[in-house]
Number of protein chains: 2
Amino acid sequence: MTAEQPAEQVPSALDDPVYRPAVIDLLGVLAYGELTAFERFVMDATMAPTVDDKAALDALAVNEFHHFERLRDRLQLLGVDPVSAMEPFRTAFDAFHEHTAPSDWLEGLVKAYVGDGIATDFYREVAAYVDADTRALVLEVLENSGQAEFIVDRVRKAIEEDQRIGGRLALWGRRLVGEAWSQAQRVAADRDALTALLVGGVDRPGMDLAAIGRMFARLTEMHTQRMTALGLQA
Amino acid sequence: MTAEQPAEQVPSALDDPVYRPAVIDLLGVLAYGELTAFERFVMDATMAPTVDDKAALDALAVNEFHHFERLRDRLQLLGVDPVSAMEPFRTAFDAFHEHTAPSDWLEGLVKAYVGDGIATDFYREVAAYVDADTRALVLEVLENSGQAEFIVDRVRKAIEEDQRIGGRLALWGRRLVGEAWSQAQRVAADRDALTALLVGGVDRPGMDLAAIGRMFARLTEMHTQRMTALGLQA
């Protein structure tokens with residue numbers, strides 16, 4: 001869709017030499033995140049107990065792939081090579097997935113739900129600080145397609161059948177959050193432009209320390225709600 | 001799309017107790033084939049040398065998944081559980097993929113192109129023997145989206161750079177065909193209804209032995225053309 005938009009309609013905010021790299025970083029990190037999520041979900045789907053379950057997780061994965069396509073198209077529209085834009089985030093995402101390879105179907109489901117949830121909440125916060133066009137695209141690709149409801153259903157049923165599963169998956173959820181924060185900090189430390197979107201730069205306002213604290217409190221609260229939805233202790 | 005069609009519009013040919021199981025088999029074998037192709041292509045895409053190549057094979061895979069969804073929807077429209085319809089073909093497809101796991105990116109590309117090509121040609125032949133609605137769906141999901149052109153490009157370039165690759169991939173192509181025929185024979189022996197679509201039944205005409213011979217000649221010819229397109233000896 002955006003590919004049809006002529007290049008001269010690119011919002012002028014993107015001519016700002018400080019703002020432009022930040023938006024490219026944001027689109028790049030989202031694009032690589034969607035692409036790796038797609039790939040991992042499909043692999044995790046091979047552990048599905050039934051073909052129906054497999055197809056449900058695959059459908060979720062395919063949804064992520066279409067988001068990747070939208071972000072890649074936007075990067076191209078901005079005259080940016082999508083691969084270069086994604087490259088800076090490769091190490092962090094690859095490390096995250098390497099350290100959180102699910103050992104079974106249920107761990108895969110919890111990872112898809114919890115990992116995707118934290119990422120979505122965080123990018124929504126960031127979206128408040130970008131131009132309207134970028135924000136619309138970011139919110140669009142973060143839209144919950146509702147497909148994740150089957151995850152809640154499957155995890156709750158498994159715990160009902162065997163309470164011990166709940167304890168194991170709760171630990172797993174904590175490990176996922178720990179890895180996610182640790183990789184996010186790595187990205188924040190590396191990518192000044194992206195970080196400046198949130199905390200502001202020399203000539204732009206941003207969140208102060210207290211506001212950042214409140215953002216983390218919101219993210220933690222929403223994570224806890226997701227764990228509760230799954231029947232797990234955060 | 002078909003999901004919107006009310007159930008009473010299901011073509012009456014599908015009330016025929018001999019024809020109906022044949023069509024269910026056909027949709028089932030296609031659906032399971034698309035689902036496994038999707039999964040395998042995504043796994044093979046992890047061996048891609050660049051993110052662009054990975055995304056190109058992933059896009060091809062996602063296309064197959066959408067075909068799977070169309071076939072699954074049609075089965076549901078016919079009042080058939082898609083999983084039961086796919087089940088009879090599980091062993092053959094799983095064995096095919098197990099025996100033809102690519103050891104590198106180029107083998108994965110050749111498999112996607114050659115394997116998909118043979119299957120497509122064969123199902124097109126079968127499509128001549130089904131009702132108009134089923135035929136339209138079968139031809140739609142077999143439509144070449146043109147995404148496969150990048151495969152021809154990548155394989156030819158690799159052979160240009162190193163001639164020995166051509167010899168290895170030619171052998172690989174022959175192995176793929178051998179496995180495909182061996183699994184197809186297994187399916188044909190098991191599934192009388194599906195086989196009867198081609199060879200006819202007690203009250204239906206079909207291909208005679210000579211016609212079947214000509215069909216195999218056509219399939220072989222088209223396979224040879226594909227291998228030539230890749231720069232490989234069939």
# chains A, B, ... in the order shown; residues from 1 in each chain; ligands from 1
>>> residues_around(residues="Val18 in chain A", least_positions_apart="2", cutoff="12 Å", atoms="only C-alpha atoms", output="ChimeraX atom specification")
/A:13-16,20-25,192-197,200-204
>>> interface_residues(of="chain B", to="chain A", cutoff="9 Å", atoms="only C-alpha atoms", output="PyMOL selection string")
chain B and resi 35+38-39+42-43+45-46+50-52+55+58-59+62+65-66+69+82-83
>>> write_last_selection(atoms="all heavy atoms", output="tab-separated table (two decimals), in the first residue's frame")
chain	number	residue	atom	x	y	z
B	35	LEU	N	0.74	-27.30	3.54
B	35	LEU	CA	1.13	-27.03	4.92
B	35	LEU	C	2.58	-27.49	5.19
B	35	LEU	O	3.36	-26.76	5.79
B	35	LEU	CB	0.16	-27.72	5.89
B	35	LEU	CG	0.35	-27.42	7.38
B	35	LEU	CD1	0.17	-25.93	7.68
B	35	LEU	CD2	-0.62	-28.24	8.22
B	38	PHE	N	5.06	-25.23	3.31
B	38	PHE	CA	5.22	-23.98	4.07
B	38	PHE	C	6.27	-24.16	5.16
B	38	PHE	O	7.24	-23.41	5.25
B	38	PHE	CB	3.88	-23.58	4.68
B	38	PHE	CG	3.97	-22.60	5.82
B	38	PHE	CD1	4.32	-21.28	5.59
B	38	PHE	CD2	3.73	-23.01	7.13
B	38	PHE	CE1	4.42	-20.37	6.63
B	38	PHE	CE2	3.84	-22.10	8.18
B	38	PHE	CZ	4.18	-20.79	7.93
B	39	GLU	N	6.06	-25.18	5.96
B	39	GLU	CA	6.92	-25.42	7.10
B	39	GLU	C	8.38	-25.68	6.67
B	39	GLU	O	9.31	-25.11	7.24
B	39	GLU	CB	6.38	-26.64	7.83
B	39	GLU	CG	6.76	-26.75	9.25
B	39	GLU	CD	5.98	-27.90	9.89
B	39	GLU	OE1	6.34	-29.06	9.65
B	39	GLU	OE2	5.00	-27.63	10.62
B	42	VAL	N	10.23	-22.59	5.23
B	42	VAL	CA	10.66	-21.65	6.27
B	42	VAL	C	11.93	-22.17	6.95
B	42	VAL	O	12.86	-21.42	7.24
B	42	VAL	CB	9.54	-21.38	7.30
B	42	VAL	CG1	10.05	-20.50	8.45
B	42	VAL	CG2	8.34	-20.73	6.63
B	43	MET	N	11.96	-23.48	7.19
B	43	MET	CA	13.17	-24.06	7.80
B	43	MET	C	14.36	-23.95	6.86
B	43	MET	O	15.46	-23.62	7.28
B	43	MET	CB	12.91	-25.51	8.16
B	43	MET	CG	12.06	-25.60	9.42
B	43	MET	SD	12.10	-27.25	10.08
B	43	MET	CE	10.35	-27.48	10.28
B	45	ALA	N	14.76	-21.73	4.70
B	45	ALA	CA	15.11	-20.31	4.60
B	45	ALA	C	16.09	-19.90	5.69
B	45	ALA	O	16.80	-18.90	5.54
B	45	ALA	CB	13.85	-19.44	4.66
B	46	THR	N	16.15	-20.66	6.77
B	46	THR	CA	17.13	-20.31	7.82
B	46	THR	C	18.55	-20.52	7.31
B	46	THR	O	19.49	-20.00	7.91
B	46	THR	CB	16.92	-21.15	9.10
B	46	THR	OG1	17.13	-22.53	8.79
B	46	THR	CG2	15.52	-20.97	9.67
B	50	THR	N	21.69	-14.50	2.85
B	50	THR	CA	21.40	-13.10	3.16
B	50	THR	C	19.95	-13.00	3.66
B	50	THR	O	19.13	-13.88	3.41
B	50	THR	CB	21.52	-12.19	1.93
B	50	THR	OG1	20.45	-12.48	1.02
B	50	THR	CG2	22.85	-12.37	1.20
B	51	VAL	N	19.67	-11.88	4.33
B	51	VAL	CA	18.30	-11.66	4.83
B	51	VAL	C	17.32	-11.49	3.66
B	51	VAL	O	16.18	-11.92	3.74
B	51	VAL	CB	18.26	-10.45	5.79
B	51	VAL	CG1	16.83	-10.15	6.22
B	51	VAL	CG2	19.11	-10.73	7.03
B	52	ASP	N	17.80	-10.89	2.56
B	52	ASP	CA	16.94	-10.73	1.38
B	52	ASP	C	16.52	-12.10	0.82
B	52	ASP	O	15.36	-12.32	0.48
B	52	ASP	CB	17.68	-9.96	0.28
B	52	ASP	CG	17.50	-8.45	0.44
B	52	ASP	OD1	16.51	-8.04	1.06
B	52	ASP	OD2	18.36	-7.70	-0.05
B	55	ALA	N	14.04	-13.74	3.16
B	55	ALA	CA	12.70	-13.16	3.05
B	55	ALA	C	12.02	-13.61	1.76
B	55	ALA	O	10.80	-13.79	1.73
B	55	ALA	CB	12.78	-11.64	3.12
B	58	ASP	N	10.87	-17.12	2.36
B	58	ASP	CA	9.79	-17.03	3.34
B	58	ASP	C	8.49	-16.57	2.66
B	58	ASP	O	7.40	-17.08	2.97
B	58	ASP	CB	10.15	-16.03	4.45
B	58	ASP	CG	11.13	-16.62	5.47
B	58	ASP	OD1	11.23	-17.85	5.56
B	58	ASP	OD2	11.78	-15.83	6.17
B	59	ALA	N	8.61	-15.62	1.73
B	59	ALA	CA	7.42	-15.10	1.04
B	59	ALA	C	6.77	-16.22	0.21
B	59	ALA	O	5.54	-16.34	0.16
B	59	ALA	CB	7.80	-13.92	0.15
B	62	VAL	N	4.96	-18.45	2.68
B	62	VAL	CA	3.73	-17.83	3.18
B	62	VAL	C	2.61	-17.97	2.15
B	62	VAL	O	1.44	-18.20	2.49
B	62	VAL	CB	3.99	-16.36	3.57
B	62	VAL	CG1	2.70	-15.58	3.73
B	62	VAL	CG2	4.80	-16.30	4.86
B	65	PHE	N	1.14	-21.20	2.57
B	65	PHE	CA	0.26	-21.26	3.74
B	65	PHE	C	-1.13	-20.70	3.41
B	65	PHE	O	-2.14	-21.25	3.84
B	65	PHE	CB	0.86	-20.50	4.93
B	65	PHE	CG	0.06	-20.69	6.19
B	65	PHE	CD1	0.14	-21.89	6.89
B	65	PHE	CD2	-0.80	-19.72	6.65
B	65	PHE	CE1	-0.63	-22.10	8.04
B	65	PHE	CE2	-1.57	-19.92	7.80
B	65	PHE	CZ	-1.47	-21.11	8.49
B	66	HIS	N	-1.18	-19.64	2.64
B	66	HIS	CA	-2.48	-19.08	2.27
B	66	HIS	C	-3.26	-20.07	1.38
B	66	HIS	O	-4.48	-20.16	1.46
B	66	HIS	CB	-2.32	-17.72	1.59
B	66	HIS	CG	-1.88	-16.66	2.54
B	66	HIS	ND1	-2.51	-16.45	3.76
B	66	HIS	CD2	-0.87	-15.75	2.51
B	66	HIS	CE1	-1.90	-15.47	4.41
B	66	HIS	NE2	-0.90	-15.03	3.67
B	69	GLU	N	-4.81	-22.49	3.65
B	69	GLU	CA	-6.01	-21.93	4.28
B	69	GLU	C	-7.23	-22.03	3.35
B	69	GLU	O	-8.34	-22.32	3.80
B	69	GLU	CB	-5.77	-20.46	4.66
B	69	GLU	CG	-4.81	-20.30	5.83
B	69	GLU	CD	-4.53	-18.83	6.17
B	69	GLU	OE1	-4.30	-18.03	5.24
B	69	GLU	OE2	-4.54	-18.49	7.36
B	82	PRO	N	-10.89	-30.93	8.18
B	82	PRO	CA	-9.67	-30.86	7.38
B	82	PRO	C	-8.57	-31.80	7.89
B	82	PRO	O	-7.84	-32.39	7.08
B	82	PRO	CB	-9.23	-29.41	7.52
B	82	PRO	CG	-10.46	-28.65	7.85
B	82	PRO	CD	-11.30	-29.59	8.67
B	83	VAL	N	-8.46	-31.92	9.21
B	83	VAL	CA	-7.40	-32.77	9.74
B	83	VAL	C	-7.60	-34.23	9.32
B	83	VAL	O	-6.65	-34.91	8.91
B	83	VAL	CB	-7.30	-32.63	11.28
B	83	VAL	CG1	-6.28	-33.61	11.84
B	83	VAL	CG2	-6.92	-31.21	11.66
>>> residues_around(residues="range 182-185 of chain A", least_positions_apart="6", cutoff="9 Å", atoms="only C-alpha atoms", output="MDAnalysis selection string")
chainID A and resid 92:93 95:96
>>> select_by_dssp(residues="range 8-224 of chain B", states="alpha helix (DSSP H)", output="number ranges by chain")
B: 19-45, 51-77, 82-86, 90-99, 105-110, 116-127, 132-142, 149-161, 163-190, 192-199, 209-224
>>> write_last_selection(atoms="C-alpha atoms", output="short mmCIF file (atom, residue, chain, number, x, y, z; two decimals), in the first residue's frame")
data_model
loop_
_atom_site.label_atom_id
_atom_site.label_comp_id
_atom_site.auth_asym_id
_atom_site.auth_seq_id
_atom_site.Cartn_x
_atom_site.Cartn_y
_atom_site.Cartn_z
CA TYR B 19 -16.89 -38.96 -6.42
CA ARG B 20 -17.13 -37.20 -3.04
CA PRO B 21 -14.34 -39.15 -1.25
CA ALA B 22 -12.12 -38.62 -4.29
CA VAL B 23 -12.51 -34.84 -4.09
CA ILE B 24 -12.00 -34.90 -0.33
CA ASP B 25 -8.81 -36.89 -0.90
CA LEU B 26 -7.66 -34.43 -3.53
CA LEU B 27 -8.28 -31.40 -1.29
CA GLY B 28 -6.73 -33.24 1.64
CA VAL B 29 -3.55 -34.21 -0.17
CA LEU B 30 -3.18 -30.68 -1.55
CA ALA B 31 -3.81 -29.10 1.86
CA TYR B 32 -1.28 -31.28 3.67
CA GLY B 33 1.20 -30.76 0.85
CA GLU B 34 0.88 -26.97 1.14
CA LEU B 35 1.13 -27.03 4.92
CA THR B 36 4.28 -29.17 4.95
CA ALA B 37 5.80 -27.18 2.07
CA PHE B 38 5.22 -23.98 4.07
CA GLU B 39 6.92 -25.42 7.10
CA ARG B 40 9.88 -26.88 5.23
CA PHE B 41 10.52 -23.77 3.13
CA VAL B 42 10.66 -21.65 6.27
CA MET B 43 13.17 -24.06 7.80
CA ASP B 44 15.21 -24.12 4.61
CA ALA B 45 15.11 -20.31 4.60
CA VAL B 51 18.30 -11.66 4.83
CA ASP B 52 16.94 -10.73 1.38
CA ASP B 53 17.20 -14.35 0.21
CA LYS B 54 15.63 -15.54 3.44
CA ALA B 55 12.70 -13.16 3.05
CA ALA B 56 12.22 -14.24 -0.59
CA LEU B 57 11.92 -17.92 0.32
CA ASP B 58 9.79 -17.03 3.34
CA ALA B 59 7.42 -15.10 1.04
CA LEU B 60 7.11 -18.18 -1.16
CA ALA B 61 6.38 -20.26 1.94
CA VAL B 62 3.73 -17.83 3.18
CA ASN B 63 2.04 -18.07 -0.21
CA GLU B 64 1.76 -21.83 0.31
CA PHE B 65 0.26 -21.26 3.74
CA HIS B 66 -2.48 -19.08 2.27
CA HIS B 67 -3.20 -21.87 -0.23
CA PHE B 68 -3.47 -24.26 2.68
CA GLU B 69 -6.01 -21.93 4.28
CA ARG B 70 -8.12 -21.85 1.08
CA LEU B 71 -8.16 -25.65 0.85
CA ARG B 72 -8.94 -26.03 4.54
CA ASP B 73 -11.84 -23.59 4.19
CA ARG B 74 -13.22 -25.56 1.23
CA LEU B 75 -13.03 -28.83 3.17
CA GLN B 76 -14.91 -27.19 6.04
CA LEU B 77 -17.49 -25.88 3.58
CA PRO B 82 -9.67 -30.86 7.38
CA VAL B 83 -7.40 -32.77 9.74
CA SER B 84 -9.11 -36.09 8.93
CA ALA B 85 -8.91 -35.29 5.23
CA MET B 86 -5.17 -34.63 5.48
CA ARG B 90 0.75 -37.59 6.44
CA THR B 91 3.04 -40.61 6.27
CA ALA B 92 3.90 -40.13 2.60
CA PHE B 93 4.67 -36.40 2.88
CA ASP B 94 6.55 -36.74 6.14
CA ALA B 95 8.63 -39.55 4.62
CA PHE B 96 9.29 -37.47 1.50
CA HIS B 97 10.56 -34.53 3.54
CA GLU B 98 12.54 -36.75 5.86
CA HIS B 99 14.30 -38.40 2.92
CA TRP B 105 20.66 -23.39 0.93
CA LEU B 106 21.01 -24.37 -2.75
CA GLU B 107 19.58 -27.85 -2.20
CA GLY B 108 16.68 -26.17 -0.42
CA LEU B 109 16.07 -23.88 -3.38
CA VAL B 110 16.20 -26.73 -5.91
CA ASP B 116 6.77 -27.86 -6.14
CA GLY B 117 6.92 -28.03 -9.93
CA ILE B 118 6.31 -31.77 -10.14
CA ALA B 119 3.46 -31.59 -7.66
CA THR B 120 1.88 -28.66 -9.50
CA ASP B 121 2.05 -30.40 -12.89
CA PHE B 122 0.55 -33.57 -11.48
CA TYR B 123 -2.35 -31.83 -9.73
CA ARG B 124 -3.08 -29.86 -12.89
CA GLU B 125 -3.52 -33.17 -14.71
CA VAL B 126 -5.86 -34.39 -11.98
CA ALA B 127 -7.81 -31.11 -12.12
CA ALA B 132 -15.72 -26.95 -12.21
CA ASP B 133 -15.74 -25.50 -8.67
CA THR B 134 -13.10 -27.88 -7.40
CA ARG B 135 -11.05 -27.35 -10.55
CA ALA B 136 -11.15 -23.56 -10.12
CA LEU B 137 -9.87 -23.84 -6.54
CA VAL B 138 -7.17 -26.38 -7.45
CA LEU B 139 -5.90 -24.24 -10.33
CA GLU B 140 -5.99 -21.16 -8.13
CA VAL B 141 -3.83 -22.66 -5.40
CA LEU B 142 -1.43 -24.06 -8.01
CA GLU B 149 12.08 -16.73 -10.43
CA PHE B 150 14.53 -15.72 -7.78
CA ILE B 151 15.33 -19.42 -7.30
CA VAL B 152 16.35 -19.84 -10.93
CA ASP B 153 18.51 -16.73 -10.63
CA ARG B 154 20.26 -17.86 -7.44
CA VAL B 155 20.93 -21.41 -8.62
CA ARG B 156 22.27 -20.32 -12.02
CA LYS B 157 24.60 -17.78 -10.39
CA ALA B 158 25.95 -20.37 -7.98
CA ILE B 159 26.69 -22.76 -10.84
CA GLU B 160 28.39 -19.99 -12.84
CA GLU B 161 30.69 -19.39 -9.90
CA GLN B 163 30.70 -25.63 -12.05
CA ARG B 164 30.96 -28.55 -9.60
CA ILE B 165 27.83 -27.31 -7.87
CA GLY B 166 25.88 -28.13 -11.04
CA GLY B 167 26.84 -31.80 -10.87
CA ARG B 168 25.90 -32.10 -7.22
CA LEU B 169 22.55 -30.32 -7.68
CA ALA B 170 21.71 -32.43 -10.76
CA LEU B 171 22.10 -35.56 -8.63
CA TRP B 172 20.00 -33.93 -5.93
CA GLY B 173 17.25 -33.16 -8.48
CA ARG B 174 17.16 -36.82 -9.52
CA ARG B 175 16.90 -37.91 -5.92
CA LEU B 176 13.98 -35.52 -5.39
CA VAL B 177 12.10 -36.96 -8.38
CA GLY B 178 12.80 -40.52 -7.28
CA GLU B 179 11.44 -39.84 -3.79
CA ALA B 180 8.43 -37.96 -5.15
CA TRP B 181 7.43 -40.84 -7.45
CA SER B 182 7.99 -43.43 -4.78
CA GLN B 183 5.75 -41.58 -2.32
CA ALA B 184 3.17 -40.86 -5.03
CA GLN B 185 2.95 -44.57 -5.83
CA ARG B 186 2.45 -45.28 -2.15
CA VAL B 187 -0.45 -42.82 -2.06
CA ALA B 188 -1.94 -44.18 -5.29
CA ALA B 189 -1.85 -47.75 -3.93
CA ASP B 190 -3.50 -46.67 -0.67
CA ASP B 192 -8.51 -46.00 -4.31
CA ALA B 193 -10.89 -43.06 -4.56
CA LEU B 194 -8.15 -40.64 -5.55
CA THR B 195 -6.64 -43.08 -8.04
CA ALA B 196 -10.07 -43.69 -9.55
CA LEU B 197 -10.25 -39.98 -10.40
CA LEU B 198 -7.53 -40.60 -12.97
CA VAL B 199 -8.11 -44.17 -14.11
CA LEU B 209 -2.96 -47.21 -19.73
CA ALA B 210 -1.75 -45.42 -22.84
CA ALA B 211 -3.14 -42.10 -21.59
CA ILE B 212 -1.43 -42.58 -18.25
CA GLY B 213 1.78 -43.29 -20.10
CA ARG B 214 1.39 -40.04 -22.02
CA MET B 215 0.72 -38.16 -18.79
CA PHE B 216 3.95 -39.45 -17.26
CA ALA B 217 5.79 -38.45 -20.44
CA ARG B 218 4.38 -34.92 -20.08
CA LEU B 219 5.35 -34.73 -16.40
CA THR B 220 8.87 -35.94 -17.17
CA GLU B 221 9.21 -33.45 -20.01
CA MET B 222 8.17 -30.55 -17.80
CA HIS B 223 10.54 -31.66 -15.06
CA THR B 224 13.37 -31.73 -17.62
#
>>> atom_distance(atom1="CA of Pro88 in chain B", atom2="CA of Arg191 in chain B")
8.3 Å
